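final-v6.tsv follows (TSV, C-alpha atoms and all ligand atoms):
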```tsv
chain	number	residue	atom	x	y	z
A	1420	MET	CA	0.00	0.00	0.00
A	1421	VAL	CA	1.24	3.48	-0.87
A	1422	ASP	CA	1.40	6.24	1.79
A	1423	GLU	CA	2.42	9.24	-0.31
A	1424	ALA	CA	-0.19	11.38	-2.05
A	1425	ILE	CA	1.61	10.82	-5.37
A	1426	TRP	CA	3.80	7.82	-6.02
A	1427	THR	CA	6.09	6.34	-8.68
A	1428	ILE	CA	4.28	4.43	-11.38
A	1429	GLU	CA	5.02	0.71	-11.69
A	1430	GLN	CA	5.22	-1.28	-14.90
A	1431	HIS	CA	2.05	-3.23	-14.18
A	1432	THR	CA	0.23	0.07	-13.65
A	1433	GLN	CA	1.41	1.24	-17.06
A	1434	ALA	CA	0.12	-2.02	-18.53
A	1435	LYS	CA	-3.20	-1.51	-16.72
A	1436	HIS	CA	-3.41	1.98	-18.22
A	1437	GLU	CA	-2.63	0.65	-21.67
A	1438	LEU	CA	-5.48	-1.85	-21.35
A	1439	LEU	CA	-7.82	0.94	-20.26
A	1440	ARG	CA	-6.71	3.15	-23.17
A	1441	ARG	CA	-7.24	0.39	-25.71
A	1442	TYR	CA	-10.62	-0.62	-24.33
A	1443	LEU	CA	-11.99	2.92	-24.02
A	1444	GLY	CA	-10.63	3.84	-27.46
A	1445	ALA	CA	-13.01	1.25	-28.91
A	1446	TRP	CA	-15.78	1.48	-26.29
A	1447	PHE	CA	-16.61	5.19	-26.61
A	1448	PRO	CA	-17.34	5.05	-30.36
A	1449	ILE	CA	-19.13	1.69	-30.16
A	1450	LEU	CA	-21.55	2.92	-27.50
A	1451	THR	CA	-22.29	6.09	-29.38
A	1452	ALA	CA	-22.21	4.72	-32.94
A	1453	SER	CA	-25.94	4.29	-33.38
A	1454	GLY	CA	-26.71	7.66	-31.78
A	1455	PHE	CA	-28.93	5.62	-29.48
A	1456	ASN	CA	-27.07	6.30	-26.24
A	1457	ARG	CA	-27.45	9.97	-25.43
A	1458	ARG	CA	-25.30	9.63	-22.35
A	1459	VAL	CA	-22.32	7.43	-21.57
A	1460	VAL	CA	-20.61	7.22	-18.17
A	1461	PHE	CA	-17.06	6.38	-17.15
A	1462	LEU	CA	-16.96	5.91	-13.40
A	1463	ASP	CA	-13.53	5.76	-11.76
A	1464	GLY	CA	-14.34	4.58	-8.24
A	1465	PHE	CA	-10.78	4.83	-6.86
A	1466	ALA	CA	-9.53	7.66	-9.03
A	1467	GLY	CA	-6.19	8.47	-7.36
A	1468	PRO	CA	-4.31	11.79	-7.58
A	1469	GLY	CA	-4.51	12.08	-11.39
A	1470	ILE	CA	-0.73	12.04	-11.82
A	1471	TYR	CA	2.31	9.89	-10.95
A	1472	ALA	CA	5.65	11.03	-9.59
A	1473	ASN	CA	7.29	11.48	-12.98
A	1474	GLY	CA	4.34	13.28	-14.52
A	1475	GLU	CA	2.57	10.27	-16.06
A	1476	PRO	CA	-1.22	10.71	-16.16
A	1477	GLY	CA	-3.48	8.74	-13.83
A	1478	SER	CA	-6.55	6.82	-14.93
A	1479	PRO	CA	-8.96	9.84	-14.88
A	1480	LEU	CA	-6.76	11.82	-17.28
A	1481	ILE	CA	-6.17	8.74	-19.44
A	1482	ALA	CA	-9.92	8.18	-19.80
A	1483	ILE	CA	-10.60	11.82	-20.68
A	1484	GLU	CA	-7.69	12.00	-23.12
A	1485	THR	CA	-8.76	8.80	-24.85
A	1486	LEU	CA	-12.12	10.41	-25.54
A	1487	VAL	CA	-11.27	13.98	-26.44
A	1488	ASP	CA	-8.22	13.08	-28.55
A	1489	HIS	CA	-10.13	10.33	-30.35
A	1490	ALA	CA	-10.09	10.60	-34.14
A	1491	HIS	CA	-13.91	10.31	-34.09
A	1492	PHE	CA	-14.61	12.66	-31.17
A	1493	GLU	CA	-16.15	15.35	-33.40
A	1494	GLN	CA	-18.67	12.79	-34.67
A	1495	LEU	CA	-19.75	11.94	-31.12
A	1496	SER	CA	-21.08	15.42	-30.33
A	1497	ARG	CA	-24.68	14.24	-29.81
A	1498	THR	CA	-23.69	12.14	-26.82
A	1499	GLU	CA	-22.98	13.51	-23.37
A	1500	PHE	CA	-19.94	11.91	-21.73
A	1501	VAL	CA	-20.06	11.90	-17.96
A	1502	PHE	CA	-16.89	11.18	-16.00
A	1503	ILE	CA	-17.49	10.38	-12.35
A	1504	PHE	CA	-14.31	10.42	-10.28
A	1505	VAL	CA	-14.33	9.25	-6.67
A	1506	GLU	CA	-11.30	9.66	-4.41
A	1507	ALA	CA	-11.52	9.33	-0.63
A	1508	ASP	CA	-8.17	10.86	0.33
A	1509	GLY	CA	-8.21	14.67	0.69
A	1510	GLU	CA	-4.71	15.33	-0.59
A	1511	ARG	CA	-5.07	13.03	-3.60
A	1512	PHE	CA	-8.47	14.51	-4.34
A	1513	ALA	CA	-6.98	18.04	-4.35
A	1514	SER	CA	-4.24	16.82	-6.68
A	1515	LEU	CA	-6.81	15.27	-9.01
A	1516	GLU	CA	-8.80	18.51	-9.15
A	1517	HIS	CA	-5.60	20.43	-9.86
A	1518	GLU	CA	-4.57	18.06	-12.66
A	1519	LEU	CA	-8.01	18.21	-14.28
A	1520	ASN	CA	-8.08	22.01	-14.16
A	1521	GLY	CA	-4.57	22.14	-15.63
A	1522	TYR	CA	-5.55	19.72	-18.37
A	1523	TRP	CA	-8.55	21.78	-19.53
A	1524	ALA	CA	-6.57	25.02	-19.24
A	1525	ARG	CA	-3.87	23.64	-21.56
A	1526	ARG	CA	-6.29	22.17	-24.06
A	1527	ASP	CA	-7.29	24.19	-27.15
A	1528	GLY	CA	-10.95	25.03	-26.67
A	1529	GLY	CA	-10.95	23.91	-23.02
A	1530	LYS	CA	-13.53	21.39	-21.90
A	1531	PRO	CA	-15.90	20.32	-24.68
A	1532	ALA	CA	-19.56	21.13	-24.05
A	1533	ASN	CA	-20.59	17.45	-24.18
A	1534	VAL	CA	-18.14	16.39	-21.47
A	1535	ARG	CA	-19.29	16.56	-17.84
A	1536	ILE	CA	-17.04	15.90	-14.85
A	1537	GLU	CA	-18.45	14.92	-11.46
A	1538	LEU	CA	-15.98	14.79	-8.61
A	1539	PHE	CA	-16.56	13.19	-5.20
A	1540	ASN	CA	-14.13	13.44	-2.31
A	1541	ASP	CA	-15.72	10.43	-0.66
A	1542	GLU	CA	-15.64	6.67	-0.34
A	1543	PHE	CA	-16.58	4.67	-3.41
A	1544	ALA	CA	-19.19	2.65	-1.48
A	1545	ALA	CA	-20.96	5.82	-0.30
A	1546	VAL	CA	-21.09	7.35	-3.78
A	1547	ALA	CA	-22.17	4.07	-5.36
A	1548	ALA	CA	-24.98	3.73	-2.79
A	1549	GLN	CA	-26.14	7.29	-3.63
A	1550	LEU	CA	-26.17	6.49	-7.34
A	1551	VAL	CA	-28.13	3.30	-6.73
A	1552	ALA	CA	-30.66	5.17	-4.57
A	1553	ALA	CA	-31.00	7.98	-7.16
A	1554	THR	CA	-31.65	5.62	-10.05
A	1555	HIS	CA	-33.98	3.30	-8.12
A	1556	GLY	CA	-35.96	6.18	-6.65
A	1557	GLN	CA	-36.83	7.47	-10.10
A	1558	SER	CA	-37.16	3.97	-11.62
A	1559	LYS	CA	-34.35	5.05	-13.94
A	1560	GLN	CA	-31.43	3.01	-15.11
A	1561	LEU	CA	-27.84	4.12	-15.03
A	1562	ALA	CA	-26.74	5.17	-18.54
A	1563	PRO	CA	-24.28	2.78	-20.22
A	1564	THR	CA	-21.37	2.80	-17.81
A	1565	LEU	CA	-17.91	1.40	-17.54
A	1566	ALA	CA	-17.02	1.29	-13.85
A	1567	PHE	CA	-13.29	1.10	-13.23
A	1568	ILE	CA	-12.89	-0.09	-9.65
A	1569	ASP	CA	-9.24	0.10	-8.73
A	1570	PRO	CA	-8.70	-0.12	-4.96
A	1571	PHE	CA	-5.42	-0.67	-3.12
A	1572	GLY	CA	-6.88	-3.52	-1.09
A	1573	TRP	CA	-9.98	-5.63	-0.63
A	1574	SER	CA	-12.25	-3.64	1.66
A	1575	GLY	CA	-14.98	-1.21	0.67
A	1576	VAL	CA	-15.87	-2.99	-2.57
A	1577	PRO	CA	-18.88	-5.22	-1.78
A	1578	LEU	CA	-19.96	-7.30	-4.74
A	1579	ASP	CA	-23.65	-6.73	-3.90
A	1580	LEU	CA	-23.11	-3.01	-4.36
A	1581	ILE	CA	-21.32	-3.52	-7.68
A	1582	ARG	CA	-24.27	-5.68	-8.77
A	1583	ASP	CA	-26.85	-3.02	-7.79
A	1584	LEU	CA	-24.85	-0.17	-9.32
A	1585	LEU	CA	-24.27	-1.94	-12.63
A	1586	ALA	CA	-27.56	-3.84	-12.90
A	1587	SER	CA	-28.52	-2.21	-16.17
A	1588	ASP	CA	-27.82	-4.24	-19.28
A	1589	LYS	CA	-25.19	-1.96	-20.82
A	1590	CYS	CA	-23.09	-1.49	-17.69
A	1591	GLU	CA	-19.70	-3.12	-17.42
A	1592	VAL	CA	-16.99	-3.42	-14.82
A	1593	LEU	CA	-13.21	-3.47	-14.85
A	1594	PHE	CA	-12.30	-4.53	-11.35
A	1595	ASN	CA	-8.86	-4.72	-9.82
A	1596	PHE	CA	-8.87	-7.91	-7.76
A	1597	MET	CA	-5.90	-7.27	-5.46
A	1598	TYR	CA	-4.74	-10.85	-5.37
A	1599	ASP	CA	-1.46	-10.25	-3.52
A	1600	SER	CA	-3.22	-8.56	-0.65
A	1601	VAL	CA	-6.24	-10.94	-0.69
A	1602	ASN	CA	-3.83	-13.86	-0.55
A	1603	ARG	CA	-2.07	-12.48	2.52
A	1604	PHE	CA	-5.22	-11.96	4.53
A	1605	VAL	CA	-7.64	-14.59	3.31
A	1606	ALA	CA	-6.76	-17.03	6.11
A	1607	ASP	CA	-7.00	-14.31	8.78
A	1608	LYS	CA	-9.51	-15.48	11.39
A	1609	ARG	CA	-10.54	-12.09	12.80
A	1610	PRO	CA	-14.32	-11.65	12.31
A	1611	GLY	CA	-13.94	-8.15	10.82
A	1612	VAL	CA	-11.61	-9.49	8.13
A	1613	ALA	CA	-13.89	-12.42	7.30
A	1614	ARG	CA	-16.82	-10.03	6.93
A	1615	HIS	CA	-14.87	-7.87	4.44
A	1616	PHE	CA	-14.01	-10.97	2.41
A	1617	ALA	CA	-17.62	-12.15	2.45
A	1618	GLU	CA	-18.60	-8.71	1.08
A	1619	LEU	CA	-15.82	-8.72	-1.50
A	1620	PHE	CA	-16.81	-12.12	-2.86
A	1621	GLY	CA	-20.54	-11.76	-2.23
A	1622	THR	CA	-20.50	-15.10	-0.42
A	1623	SER	CA	-21.17	-16.46	3.04
A	1624	GLU	CA	-18.33	-15.87	5.49
A	1625	ASN	CA	-17.05	-19.37	4.84
A	1626	GLU	CA	-16.65	-19.87	1.14
A	1627	HIS	CA	-13.32	-18.08	0.63
A	1628	LYS	CA	-11.85	-19.91	3.63
A	1629	ALA	CA	-11.27	-23.04	1.55
A	1630	ALA	CA	-8.26	-21.11	0.19
A	1631	SER	CA	-6.45	-21.50	3.54
A	1632	VAL	CA	-5.70	-25.17	2.93
A	1633	LEU	CA	-4.32	-24.50	-0.55
A	1634	ASN	CA	-0.91	-23.19	-1.57
A	1635	GLY	CA	0.85	-21.58	-4.50
A	1636	GLU	CA	-0.82	-21.81	-7.91
A	1637	ASP	CA	-3.79	-23.82	-6.57
A	1638	ARG	CA	-4.60	-21.09	-4.10
A	1639	LYS	CA	-4.22	-18.41	-6.72
A	1640	ALA	CA	-6.48	-20.25	-9.18
A	1641	PHE	CA	-9.07	-20.89	-6.45
A	1642	LEU	CA	-9.33	-17.22	-5.44
A	1643	ARG	CA	-9.30	-15.95	-9.01
A	1644	ASP	CA	-11.95	-18.45	-10.11
A	1645	LEU	CA	-14.11	-17.77	-7.06
A	1646	TYR	CA	-14.21	-14.05	-7.85
A	1647	MET	CA	-14.86	-14.69	-11.54
A	1648	ARG	CA	-17.69	-17.08	-10.74
A	1649	GLN	CA	-19.21	-14.60	-8.28
A	1650	LEU	CA	-19.03	-11.78	-10.85
A	1651	GLN	CA	-21.15	-13.99	-13.08
A	1652	ASP	CA	-23.52	-15.49	-10.52
A	1653	VAL	CA	-23.96	-12.54	-8.15
A	1654	GLY	CA	-22.81	-9.63	-10.34
A	1655	GLY	CA	-24.98	-10.84	-13.23
A	1656	PHE	CA	-22.29	-10.42	-15.90
A	1657	THR	CA	-22.68	-12.96	-18.70
A	1658	PHE	CA	-19.02	-12.83	-19.72
A	1659	VAL	CA	-16.10	-12.49	-17.36
A	1660	ARG	CA	-12.41	-12.39	-18.28
A	1661	SER	CA	-9.37	-11.99	-16.09
A	1662	PHE	CA	-5.91	-10.67	-16.85
A	1663	ASP	CA	-2.95	-11.44	-14.61
A	1664	MET	CA	-0.74	-8.47	-13.76
A	1665	MET	CA	2.71	-9.50	-12.61
A	1666	ASP	CA	4.80	-7.50	-10.19
A	1667	LEU	CA	8.07	-7.78	-12.11
A	1668	ASP	CA	10.31	-6.91	-9.13
A	1669	ARG	CA	8.81	-9.63	-6.99
A	1670	GLY	CA	8.19	-12.07	-9.84
A	1671	ARG	CA	4.62	-12.85	-8.80
A	1672	THR	CA	1.04	-11.83	-9.50
A	1673	ALA	CA	0.18	-8.43	-8.04
A	1674	TYR	CA	-3.48	-8.44	-9.07
A	1675	PHE	CA	-5.99	-9.64	-11.62
A	1676	LEU	CA	-7.93	-7.20	-13.71
A	1677	MET	CA	-11.40	-8.68	-13.95
A	1678	PHE	CA	-13.72	-7.56	-16.71
A	1679	GLY	CA	-17.47	-8.23	-16.66
A	1680	THR	CA	-19.93	-7.49	-19.46
A	1681	ARG	CA	-23.24	-8.75	-20.79
A	1682	HIS	CA	-22.35	-8.01	-24.38
A	1683	HIS	CA	-20.53	-9.97	-27.02
A	1684	LYS	CA	-19.00	-6.83	-28.52
A	1685	GLY	CA	-17.65	-5.63	-25.16
A	1686	LEU	CA	-16.09	-9.03	-24.60
A	1687	GLN	CA	-14.57	-9.00	-28.08
A	1688	VAL	CA	-13.03	-5.56	-27.63
A	1689	MET	CA	-11.63	-6.38	-24.19
A	1690	LYS	CA	-10.13	-9.63	-25.45
A	1691	ASP	CA	-8.49	-7.74	-28.31
A	1692	ALA	CA	-7.02	-5.30	-25.75
A	1693	MET	CA	-5.78	-8.16	-23.58
A	1694	TRP	CA	-4.21	-9.98	-26.54
A	1695	SER	CA	-2.45	-6.79	-27.59
A	1696	LEU	CA	-0.73	-6.73	-24.19
A	1697	ASP	CA	0.04	-10.45	-24.25
A	1698	PRO	CA	0.41	-11.78	-27.84
A	1699	ILE	CA	1.29	-15.26	-26.51
A	1700	ALA	CA	-1.71	-16.08	-24.33
A	1701	GLY	CA	-3.90	-12.98	-24.01
A	1702	ALA	CA	-3.98	-13.45	-20.25
A	1703	GLN	CA	-0.97	-12.00	-18.49
A	1704	PHE	CA	1.29	-8.98	-18.29
A	1705	SER	CA	4.74	-10.34	-17.58
A	1706	GLY	CA	6.82	-7.53	-19.07
A	1707	HIS	CA	7.73	-9.62	-22.09
A	1708	ALA	CA	5.50	-8.10	-24.75
A	1709	GLY	CA	8.28	-5.82	-26.01
A	1710	ASP	CA	11.01	-8.40	-25.55
A	1711	GLN	CA	12.06	-9.62	-29.02
A	1712	GLN	CA	13.92	-12.63	-27.60
A	1713	MET	CA	10.76	-13.81	-25.95
A	1714	LEU	CA	8.59	-13.22	-28.99
A	1715	PHE	CA	10.87	-15.31	-31.18
A	1716	SER	CA	11.16	-18.18	-28.76
A	1717	GLU	CA	7.48	-18.37	-27.84
A	1718	GLU	CA	4.69	-18.50	-30.36
A	1719	LEU	CA	0.97	-18.45	-30.15
A	1720	ASP	CA	-0.20	-22.02	-29.64
A	1721	VAL	CA	-3.54	-22.55	-31.36
A	1722	SER	CA	-3.79	-26.28	-30.64
A	1723	PRO	CA	-6.25	-25.76	-27.71
A	1724	LEU	CA	-8.41	-23.67	-30.07
A	1725	ARG	CA	-8.32	-26.37	-32.74
A	1726	ARG	CA	-9.35	-28.97	-30.15
A	1727	ALA	CA	-12.16	-26.78	-28.83
A	1728	ILE	CA	-13.54	-26.12	-32.32
A	1729	LEU	CA	-13.41	-29.81	-33.25
A	1730	ASP	CA	-15.02	-30.88	-29.94
A	1731	ARG	CA	-17.82	-28.41	-30.45
A	1732	PHE	CA	-18.52	-28.75	-34.19
A	1733	THR	CA	-17.37	-32.18	-35.48
A	1734	GLY	CA	-20.25	-33.86	-37.30
A	1735	GLU	CA	-22.11	-30.55	-37.69
A	1736	SER	CA	-22.54	-27.74	-40.18
A	1737	ALA	CA	-22.10	-24.18	-39.00
A	1738	ALA	CA	-22.01	-20.66	-40.41
A	1739	VAL	CA	-18.68	-18.91	-39.97
A	1740	GLU	CA	-20.40	-16.29	-37.76
A	1741	MET	CA	-21.44	-19.04	-35.35
A	1742	ILE	CA	-17.88	-20.35	-35.18
A	1743	GLU	CA	-16.58	-16.85	-34.51
A	1744	ARG	CA	-19.10	-16.32	-31.72
A	1745	PHE	CA	-18.00	-19.59	-30.17
A	1746	VAL	CA	-14.32	-18.61	-30.38
A	1747	ILE	CA	-14.89	-15.24	-28.70
A	1748	GLU	CA	-17.38	-16.32	-26.07
A	1749	GLU	CA	-16.19	-19.77	-25.14
A	1750	THR	CA	-12.47	-19.94	-25.70
A	1751	ASP	CA	-9.51	-17.82	-24.64
A	1752	TYR	CA	-8.82	-16.84	-28.25
A	1753	LYS	CA	-9.90	-13.87	-30.37
A	1754	ALA	CA	-11.47	-13.33	-33.76
A	1755	THR	CA	-8.22	-13.13	-35.75
A	1756	HIS	CA	-6.98	-16.51	-34.49
A	1757	TYR	CA	-9.29	-19.11	-35.97
A	1758	LYS	CA	-9.54	-18.68	-39.75
A	1759	LYS	CA	-6.01	-18.96	-41.13
A	1760	GLN	CA	-4.54	-20.88	-38.23
A	1761	VAL	CA	-7.33	-23.39	-37.63
A	1762	LEU	CA	-10.08	-23.52	-40.29
A	1763	LYS	CA	-7.67	-23.33	-43.23
A	1764	VAL	CA	-5.50	-26.10	-41.77
A	1765	LEU	CA	-8.55	-28.29	-41.09
A	1766	GLU	CA	-9.71	-27.75	-44.67
A	1767	GLU	CA	-6.30	-28.76	-45.99
A	1768	GLU	CA	-6.50	-31.91	-43.86
A	1769	GLY	CA	-9.94	-32.72	-45.29
A	1770	LEU	CA	-11.65	-32.28	-41.91
A	1771	LEU	CA	-13.59	-29.23	-43.06
A	1772	LEU	CA	-15.79	-28.86	-46.16
A	1773	CYS	CA	-17.20	-25.65	-47.52
A	1774	GLU	CA	-20.93	-25.91	-48.30
A	1775	SER	CA	-21.41	-22.45	-49.80
A	1776	GLU	CA	-20.05	-20.39	-52.70
A	1777	ARG	CA	-16.87	-18.40	-52.14
A	1778	LYS	CA	-14.20	-16.86	-54.31
A	1779	ARG	CA	-11.15	-18.61	-52.88
A	1780	ARG	CA	-10.46	-21.81	-51.00
A	1781	GLY	CA	-9.04	-21.24	-47.51
A	1782	THR	CA	-11.00	-18.00	-47.06
A	1783	TYR	CA	-14.11	-17.70	-44.89
A	1784	PRO	CA	-16.07	-14.53	-45.62
A	1785	LYS	CA	-19.36	-13.71	-43.91
A	1786	GLY	CA	-22.10	-16.16	-44.82
A	1787	THR	CA	-19.76	-19.09	-45.46
A	1788	SER	CA	-21.29	-22.38	-44.36
A	1789	LEU	CA	-18.90	-25.11	-43.25
A	1790	ARG	CA	-19.21	-28.78	-42.44
A	1791	PHE	CA	-16.88	-30.39	-39.89
A	1792	VAL	CA	-16.53	-34.02	-40.95
A	1793	GLU	CA	-15.80	-36.98	-38.69
A	1794	PRO	CA	-12.11	-37.99	-38.99
A	1795	GLY	CA	-12.97	-41.33	-40.70
A	1796	ASP	CA	-15.12	-39.58	-43.32
A	1797	GLN	CA	-12.56	-37.11	-44.60
A	1798	ARG	CA	-11.94	-36.92	-48.32
A	1799	ASP	CA	-8.61	-36.34	-49.98
A	1800	SER	CA	-8.17	-32.66	-50.52
A	1901	LIG	C1	-4.78	2.12	-6.88
A	1901	LIG	S1	-5.03	3.79	-6.48
A	1901	LIG	C2	-5.90	4.40	-7.88
A	1901	LIG	C3	-5.08	4.61	-9.10
A	1901	LIG	C4	-5.82	5.18	-10.26
A	1901	LIG	N1	-7.06	4.44	-10.54
A	1901	LIG	C5	-4.94	5.16	-11.50
A	1901	LIG	O1	-4.96	4.14	-12.22
A	1901	LIG	O2	-4.25	6.13	-11.76
A	1901	LIG	C6	-6.34	3.71	-5.30
A	1901	LIG	C7	-6.86	5.07	-4.85
A	1901	LIG	O3	-8.06	4.86	-4.11
A	1901	LIG	C8	-8.10	5.78	-3.03
A	1901	LIG	N2	-9.02	5.18	-2.03
A	1901	LIG	C9	-8.73	4.34	-1.01
A	1901	LIG	N3	-9.88	3.94	-0.41
A	1901	LIG	C10	-10.90	4.52	-1.09
A	1901	LIG	C11	-12.31	4.45	-0.98
A	1901	LIG	N4	-12.89	3.69	-0.07
A	1901	LIG	N5	-13.06	5.12	-1.89
A	1901	LIG	C12	-12.47	5.87	-2.85
A	1901	LIG	N6	-11.13	6.00	-2.97
A	1901	LIG	C13	-10.36	5.32	-2.13
A	1901	LIG	C14	-6.68	5.90	-2.60
A	1901	LIG	O4	-6.47	7.11	-1.89
A	1901	LIG	C15	-5.92	5.82	-3.92
A	1901	LIG	O5	-5.71	7.10	-4.43
```

Just dump the structure as structure tokens.
Ligand SMILES: C[S@@+](CC[C@H](N)C(=O)[O-])C[C@H]1O[C@@H](n2cnc3c(N)ncnc32)[C@H](O)[C@@H]1O
Amino acid sequence: MVDEAIWTIEQHTQAKHELLRRYLGAWFPILTASGFNRRVVFLDGFAGPGIYANGEPGSPLIAIETLVDHAHFEQLSRTEFVFIFVEADGERFASLEHELNGYWARRDGGKPANVRIELFNDEFAAVAAQLVAATHGQSKQLAPTLAFIDPFGWSGVPLDLIRDLLASDKCEVLFNFMYDSVNRFVADKRPGVARHFAELFGTSENEHKAASVLNGEDRKAFLRDLYMRQLQDVGGFTFVRSFDMMDLDRGRTAYFLMFGTRHHKGLQVMKDAMWSLDPIAGAQFSGHAGDQQMLFSEELDVSPLRRAILDRFTGESAAVEMIERFVIEETDYKATHYKKQVLKVLEEEGLLLCESERKRRGTYPKGTSLRFVEPGDQRDS
């Protein structure tokens, strides 16, 4: 935990910011594309001081910059963008206000008319409860919202509150599950600690305790999977992905970024962002993405994807759109992984037949219908 009002940025924080940048860069235009959403909200529940020790921007400034510097920002003028920033610490809150004011003062044209900033020097839970009460009271729903919930620890982020806040269909969450700190305290027997964990996981006070008898990777997988499952079951998010952020100095997981959405497109865009940070597995920041040595020695392994596609579709016909949906929603892979590296190879092996017209063999444009044949029935290609 950091004591200073402003601290030195770590590599995993830069990776977290890169993920946020990439996701928001796609999310803002997608949500406004149809002109249907008149208001879009980015809620930063643990906003921080807005700046790091060497002048790097914090998440609030990154979110704003991603929007107002976006190549399509001018076309999004019919939508109001609301940025809600919550920071409990007085000194950090003052710094955040200062950084925001400085940002608008430096920007040509200042703050655009369709951007609204709401600042709260308060606890996330208190502000979230107010928002829930305000929307319920007027039987309104929160506008499409991405809630970035980025605490230092594991208290003050009850899953029930996240569920109530983000109950509307188009709301999503990017939650920082502070694994390192959870792991240190999860076996703590003090009742106050157990209650915080029950709130964090949205479980009874006992469920997380099963972690105490586990060690190492088993314990990590148990806690990660428990939170992911709870985000689905209690949080109501149809799709949940996690991304492992390594602390490079200590050589171990610092936290998992957990993403929850109810929408295929949101899932697709987040997976693309995750794969851009980790071209080998799409699941972990380990500081190797820019390391040429590493990239040459390790390659993307599509064999699990090939197996998953064959398990799901062998003996059946399917449209290419259906296969793509399966890849995005039910495997770890993304949309650019399955055509050339799996379908084309299967076709060459005679395990895949094309049932519709197309210009070129080995290509799978929209509308292509494919038949996955049983291994014994394959024809020579
Ligand atoms: C991990 S830092 C946030 C970093 C920031 N999101 C970024 O990426 O630049 C967590 C922040 O939450 C603040 N904080 C701690 N408890 C809080 C609470 N209950 N509600 C709101 N903010 C809190 C801390 O003062 C700290 O600035």

Draw an axis-aligned box over all listed atoms of region 1736-1755 of chain A, pad each side with 3 Å, and write its centre and edge lengths in Å, one decimal, as lines of an AutoDock Vina configuration file.
```
center_x = -15.4
center_y = -20.4
center_z = -32.5
size_x = 20.3
size_y = 20.6
size_z = 21.8
```

For ligand LIG 1901 (chain A), list the contacting residues at 8 Å or closer, counting all atoms listed in the file, as a PyMOL selection string.
chain A and resi 1424+1432+1435-1436+1463-1471+1476-1479+1505-1508+1511-1512+1540-1544+1567-1571+1574-1576

I'd like the contact shell of region 1765-1767 of chain A - 9 Å cut-off, all atoms listed in the file, skipping same-chain residues fewer than 2 positions apart - returned as a list in words.
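My list of contacting residues is Arg1725, Gln1760, Val1761, Leu1762, Lys1763, Gly1769, Leu1770, Leu1771, Leu1772, Cys1773, Arg1780, Gly1781, Phe1791, Asp1799 and Ser1800 of chain A.
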
I'd like to know which of A:Gly1670, A:Gly1611, A:Gly1685, A:Gly1621 is closest to Pro1563 (chain A), using all atoms listed in the file.
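Closest candidate: A:Gly1685.
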
So, counting all atoms listed in the file, which residue among A:His1431, A:Lys1785, A:Lys1690, A:Arg1726 is closest to Lys1753 (chain A)?
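Under the stated criterion, the closest residue is A:Lys1690.
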
Shell of 12 Å around His1627 (chain A), all atoms listed in the file, local chain residues under 6 positions omitted, as a JSON list (two decimals) with C-alpha atoms, keeping the file's coordinate frame:
```json
[["chain", "number", "residue", "atom", "x", "y", "z"],
["A", 1601, "VAL", "CA", -6.24, -10.94, -0.69],
["A", 1602, "ASN", "CA", -3.83, -13.86, -0.55],
["A", 1604, "PHE", "CA", -5.22, -11.96, 4.53],
["A", 1605, "VAL", "CA", -7.64, -14.59, 3.31],
["A", 1606, "ALA", "CA", -6.76, -17.03, 6.11],
["A", 1607, "ASP", "CA", -7.00, -14.31, 8.78],
["A", 1608, "LYS", "CA", -9.51, -15.48, 11.39],
["A", 1612, "VAL", "CA", -11.61, -9.49, 8.13],
["A", 1613, "ALA", "CA", -13.89, -12.42, 7.30],
["A", 1614, "ARG", "CA", -16.82, -10.03, 6.93],
["A", 1615, "HIS", "CA", -14.87, -7.87, 4.44],
["A", 1616, "PHE", "CA", -14.01, -10.97, 2.41],
["A", 1617, "ALA", "CA", -17.62, -12.15, 2.45],
["A", 1618, "GLU", "CA", -18.60, -8.71, 1.08],
["A", 1619, "LEU", "CA", -15.82, -8.72, -1.50],
["A", 1620, "PHE", "CA", -16.81, -12.12, -2.86],
["A", 1621, "GLY", "CA", -20.54, -11.76, -2.23],
["A", 1633, "LEU", "CA", -4.32, -24.50, -0.55],
["A", 1638, "ARG", "CA", -4.60, -21.09, -4.10],
["A", 1639, "LYS", "CA", -4.22, -18.41, -6.72],
["A", 1641, "PHE", "CA", -9.07, -20.89, -6.45],
["A", 1642, "LEU", "CA", -9.33, -17.22, -5.44],
["A", 1643, "ARG", "CA", -9.30, -15.95, -9.01],
["A", 1644, "ASP", "CA", -11.95, -18.45, -10.11],
["A", 1645, "LEU", "CA", -14.11, -17.77, -7.06],
["A", 1646, "TYR", "CA", -14.21, -14.05, -7.85],
["A", 1649, "GLN", "CA", -19.21, -14.60, -8.28]]
```

Would you be able to write out as an mmCIF file with C-alpha atoms, keeping the file's coordinate frame which residues have an atom within 8 Å of (-11.4, 7.4, -24.2) in the file's coordinates, counting only C-alpha atoms?
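Saved to out06.cif:
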```
data_model
loop_
_atom_site.group_PDB
_atom_site.id
_atom_site.type_symbol
_atom_site.label_atom_id
_atom_site.label_comp_id
_atom_site.auth_asym_id
_atom_site.auth_seq_id
_atom_site.Cartn_x
_atom_site.Cartn_y
_atom_site.Cartn_z
ATOM 1 C CA ARG A 1440 -6.710 3.150 -23.170
ATOM 2 C CA LEU A 1443 -11.990 2.920 -24.020
ATOM 3 C CA GLY A 1444 -10.630 3.840 -27.460
ATOM 4 C CA ALA A 1445 -13.010 1.250 -28.910
ATOM 5 C CA TRP A 1446 -15.780 1.480 -26.290
ATOM 6 C CA PHE A 1447 -16.610 5.190 -26.610
ATOM 7 C CA ILE A 1481 -6.170 8.740 -19.440
ATOM 8 C CA ALA A 1482 -9.920 8.180 -19.800
ATOM 9 C CA ILE A 1483 -10.600 11.820 -20.680
ATOM 10 C CA GLU A 1484 -7.690 12.000 -23.120
ATOM 11 C CA THR A 1485 -8.760 8.800 -24.850
ATOM 12 C CA LEU A 1486 -12.120 10.410 -25.540
ATOM 13 C CA VAL A 1487 -11.270 13.980 -26.440
ATOM 14 C CA ASP A 1488 -8.220 13.080 -28.550
ATOM 15 C CA HIS A 1489 -10.130 10.330 -30.350
#
```
